[in-house]
Amino acid sequence: ARLQCPPPISHGNLLSDRTFLSKLPCFTSNHHFPTSPSSPRDAFTINLALRTTSSIMNSCIRQFTRLYSSSTNELALIKKLRASTGAPLLRVRSALREANGNEHLALTNLLKLNLNQAQKTSSRSTPNGLISISNLIPNRSILMLELRCETDFVARNSRFQSTLNTISDSIANYLQNLPNALQSYSKITRKIDEIVENSEEFEKIQGLVSEMSGILGEKLELGRGVVMKSGFVKSYVHGKVGERGESGRIGVVIGLKGGDNCDDSALNEVSRLLCMHIAASDVKTVEELNEQEFIPPIPEKLQETLKKLNRNQESGQSGAAVRVQDVLMSLNHVLQKDNHENAVAIEIDDFVKFDLNDEV
């Protein structure tokens, strides 16, 4: 019996279609396609192969479109959950698939995972971190605190630095919004839970630290904190990092009595150099600091005064040995000479140094 030829298909030139089919792996070795259909059997075989190939390709396209659509939705949810939790990509994707695409359930699971991760790291030590400094009242009051972590790698992480800035800004705003808050504290407060007396506000800060600990996979903890108040307050950060440039591994805050009525470049320069001196030395007390040699350079404005006071005949030369109290005496003389009638004798009130290498 003769085979009935199926109706021709609209795939263009039959020769080009046969040429295409002849290159497919399933037809290259076992089938021969003549340049023109010499028999109904050849035409039937060619048309059947073309129809089968077209059906398979359409099915693949439909499945790819369906998978791509679901993948696009999943990527959008992953991006949203990462933005809200900060969790790693693989953890977010795993939580989303376990929740069968339920965003709220995946968010709850991620928060639990972050908390569990923070609890696992609670027994580890935190020898690294950063120290942050914030001005509460310009030249009058400064907040300095530290946030510790396990490795220097995390300390350089932008998320860690952003968390420290957020905590520092939160505490600064808390103090500035309280009536007479900065006047109610003693000159120096060394514990953050004493600085933030409101338990709810302190719990928010602790919650932020625990959440970021789970995200970064290391133990994070609040270290020391200090609010320094005096007539004139200056700060210095060694090894500055981050965009704001207010964080580093060593932080120094110094308070000077009698500087509240002065706004002089020499006062700013001397206080800055004293902070750098403290950061580079192991000085512990004000008395010890007064007797130490002042590290050059000495401000030009004070060099002639030091000579006249006969504290050191070579005081105007670079590298001369001049005591800290000599520089302060010269500074007082210059301030009084510059018609600062209300200027009070300037002396070191107190200073605080935070170094991450210190054992807390």
# chains A, B, ... in the order shown; residues from 1 in each chain; ligands from 1
call {"tool": "residues_around", "arguments": {"residues": "A:Leu77", "least_positions_apart": "2", "cutoff": "10 Å", "atoms": "only C-alpha atoms", "output": "ChimeraX atom specification"}}
result
/A:71-75,79-83,92-93,96,101-103,106
call {"tool": "write_last_selection", "arguments": {"atoms": "C-alpha atoms", "output": "PDB file, in the first residue's frame"}}
result
ATOM      1  CA  SER A  71      13.174  32.667  38.620  1.00  0.00           C
ATOM      2  CA  THR A  72      12.611  36.398  38.090  1.00  0.00           C
ATOM      3  CA  ASN A  73      10.047  36.477  40.900  1.00  0.00           C
ATOM      4  CA  GLU A  74      12.402  34.546  43.162  1.00  0.00           C
ATOM      5  CA  LEU A  75      15.270  36.924  42.430  1.00  0.00           C
ATOM      6  CA  LYS A  79      16.788  41.008  46.679  1.00  0.00           C
ATOM      7  CA  LYS A  80      14.027  42.363  48.916  1.00  0.00           C
ATOM      8  CA  LEU A  81      14.824  39.973  51.787  1.00  0.00           C
ATOM      9  CA  ARG A  82      18.546  40.688  51.563  1.00  0.00           C
ATOM     10  CA  ALA A  83      17.857  44.416  51.758  1.00  0.00           C
ATOM     11  CA  VAL A  92      18.142  33.920  51.840  1.00  0.00           C
ATOM     12  CA  ARG A  93      17.526  31.608  48.899  1.00  0.00           C
ATOM     13  CA  LEU A  96      12.746  31.321  50.694  1.00  0.00           C
ATOM     14  CA  GLY A 101       8.039  31.358  48.285  1.00  0.00           C
ATOM     15  CA  ASN A 102       6.202  32.829  51.301  1.00  0.00           C
ATOM     16  CA  GLU A 103       7.971  36.125  51.910  1.00  0.00           C
ATOM     17  CA  ALA A 106      11.056  33.400  54.979  1.00  0.00           C
TER      18      ALA A 106
END
call {"tool": "select_by_dssp", "arguments": {"residues": "stretch 76-268 of chain A", "states": "alpha helix (DSSP H)", "output": "count of residues only"}}
result
92
call {"tool": "closest_residue", "arguments": {"among": "A:Ile205, A:Ser210, A:Thr45, A:Gly255", "to": "A:Tyr174", "atoms": "only C-alpha atoms"}}
result
A:Ile205
call {"tool": "closest_residue", "arguments": {"among": "A:Ser170, A:Thr285, A:Ser247, A:Ser94", "to": "A:Arg156", "atoms": "only C-alpha atoms"}}
result
A:Ser247
call {"tool": "atom_distance", "arguments": {"atom1": "atom CA of A:Ser132", "atom2": "atom CA of A:Asp350"}}
result
19.0 Å
call {"tool": "closest_residue", "arguments": {"among": "A:Met329, A:Val270, A:Val233, A:Leu107", "to": "A:Leu136", "atoms": "only C-alpha atoms"}}
result
A:Val233
call {"tool": "residues_around", "arguments": {"residues": "A:Ile192", "least_positions_apart": "2", "cutoff": "9 Å", "atoms": "only C-alpha atoms", "output": "list in words"}}
result
Leu145, Ile171, Thr189, Arg190, Glu194, Ile195, Val196, Glu197, Phe202, Leu222, Gly223, Arg224, Gly225 and Val226 of chain A
call {"tool": "closest_residue", "arguments": {"among": "A:Glu269, A:Asp282, A:Glu293, A:Glu146", "to": "A:Lys191", "atoms": "only C-alpha atoms"}}
result
A:Glu146
call {"tool": "atom_distance", "arguments": {"atom1": "atom CA of A:Leu302", "atom2": "atom CA of A:Pro138"}}
result
24.6 Å
call {"tool": "residues_around", "arguments": {"residues": "A:Ile346", "least_positions_apart": "3", "cutoff": "7 Å", "atoms": "only C-alpha atoms", "output": "PyMOL selection string"}}
result
chain A and resi 256-259+328+332
call {"tool": "residues_around", "arguments": {"residues": "A:Arg91", "least_positions_apart": "3", "cutoff": "10 Å", "atoms": "only C-alpha atoms", "output": "VMD selection string"}}
result
chain A and resid 78 82 87 to 88 94 to 96 110 113 to 114 215
call {"tool": "write_last_selection", "arguments": {"atoms": "N, CA and C atoms", "output": "PDB file, in the first residue's frame"}}
result
ATOM      1  N   ILE A  78      14.394  37.564  46.737  1.00  0.00           N
ATOM      2  CA  ILE A  78      15.713  37.434  47.364  1.00  0.00           C
ATOM      3  C   ILE A  78      16.340  38.811  47.567  1.00  0.00           C
ATOM      4  N   ARG A  82      17.157  40.318  51.238  1.00  0.00           N
ATOM      5  CA  ARG A  82      18.546  40.688  51.563  1.00  0.00           C
ATOM      6  C   ARG A  82      18.636  42.138  52.014  1.00  0.00           C
ATOM      7  N   ALA A  87      21.152  39.328  55.205  1.00  0.00           N
ATOM      8  CA  ALA A  87      21.668  37.954  55.244  1.00  0.00           C
ATOM      9  C   ALA A  87      22.345  37.601  53.919  1.00  0.00           C
ATOM     10  N   PRO A  88      23.268  36.621  53.936  1.00  0.00           N
ATOM     11  CA  PRO A  88      23.940  36.209  52.697  1.00  0.00           C
ATOM     12  C   PRO A  88      22.964  35.643  51.672  1.00  0.00           C
ATOM     13  N   SER A  94      17.841  29.778  50.470  1.00  0.00           N
ATOM     14  CA  SER A  94      17.434  28.549  51.159  1.00  0.00           C
ATOM     15  C   SER A  94      16.192  28.783  52.003  1.00  0.00           C
ATOM     16  N   ALA A  95      16.149  29.907  52.731  1.00  0.00           N
ATOM     17  CA  ALA A  95      14.986  30.200  53.571  1.00  0.00           C
ATOM     18  C   ALA A  95      13.744  30.421  52.724  1.00  0.00           C
ATOM     19  N   LEU A  96      13.893  31.057  51.556  1.00  0.00           N
ATOM     20  CA  LEU A  96      12.746  31.321  50.694  1.00  0.00           C
ATOM     21  C   LEU A  96      12.192  30.036  50.100  1.00  0.00           C
ATOM     22  N   LEU A 110      14.646  33.846  58.604  1.00  0.00           N
ATOM     23  CA  LEU A 110      15.951  34.495  58.499  1.00  0.00           C
ATOM     24  C   LEU A 110      16.324  35.209  59.791  1.00  0.00           C
ATOM     25  N   LEU A 113      17.420  32.640  62.206  1.00  0.00           N
ATOM     26  CA  LEU A 113      18.758  32.145  61.869  1.00  0.00           C
ATOM     27  C   LEU A 113      19.836  33.132  62.297  1.00  0.00           C
ATOM     28  N   ASN A 114      19.594  34.434  62.089  1.00  0.00           N
ATOM     29  CA  ASN A 114      20.566  35.450  62.497  1.00  0.00           C
ATOM     30  C   ASN A 114      20.761  35.450  64.000  1.00  0.00           C
ATOM     31  N   ILE A 215      24.403  38.416  60.862  1.00  0.00           N
ATOM     32  CA  ILE A 215      24.597  38.632  59.430  1.00  0.00           C
ATOM     33  C   ILE A 215      26.056  38.417  59.038  1.00  0.00           C
TER      34      ILE A 215
END
call {"tool": "residues_around", "arguments": {"residues": "A:Ser134", "least_positions_apart": "3", "cutoff": "7 Å", "atoms": "only C-alpha atoms", "output": "compact mmCIF listing (two decimals) with all heavy atoms, in the first residue's frame"}}
result
# COMPACT_ATOMS: atom_id res chain seq x y z
N ILE A 142 32.31 65.63 73.77
CA ILE A 142 32.59 64.63 72.74
C ILE A 142 32.22 63.24 73.26
O ILE A 142 32.45 62.92 74.43
CB ILE A 142 34.07 64.66 72.31
CG1 ILE A 142 34.35 65.89 71.45
CG2 ILE A 142 34.46 63.41 71.54
CD1 ILE A 142 35.80 66.02 71.02
N LEU A 143 31.63 62.45 72.37
CA LEU A 143 31.31 61.04 72.66
C LEU A 143 32.30 60.15 71.93
O LEU A 143 32.51 60.31 70.73
CB LEU A 143 29.88 60.72 72.21
CG LEU A 143 29.50 59.24 72.14
CD1 LEU A 143 29.41 58.64 73.54
CD2 LEU A 143 28.17 59.06 71.41
N MET A 144 32.90 59.20 72.66
CA MET A 144 33.79 58.22 72.04
C MET A 144 33.37 56.83 72.50
O MET A 144 33.16 56.61 73.70
CB MET A 144 35.25 58.49 72.43
CG MET A 144 36.24 57.51 71.80
SD MET A 144 37.98 58.00 71.98
CE MET A 144 38.20 57.90 73.76
N SER A 168 26.65 55.21 67.03
CA SER A 168 27.20 56.47 67.50
C SER A 168 26.21 57.62 67.31
O SER A 168 25.99 58.44 68.21
CB SER A 168 28.51 56.77 66.76
OG SER A 168 29.09 57.96 67.23
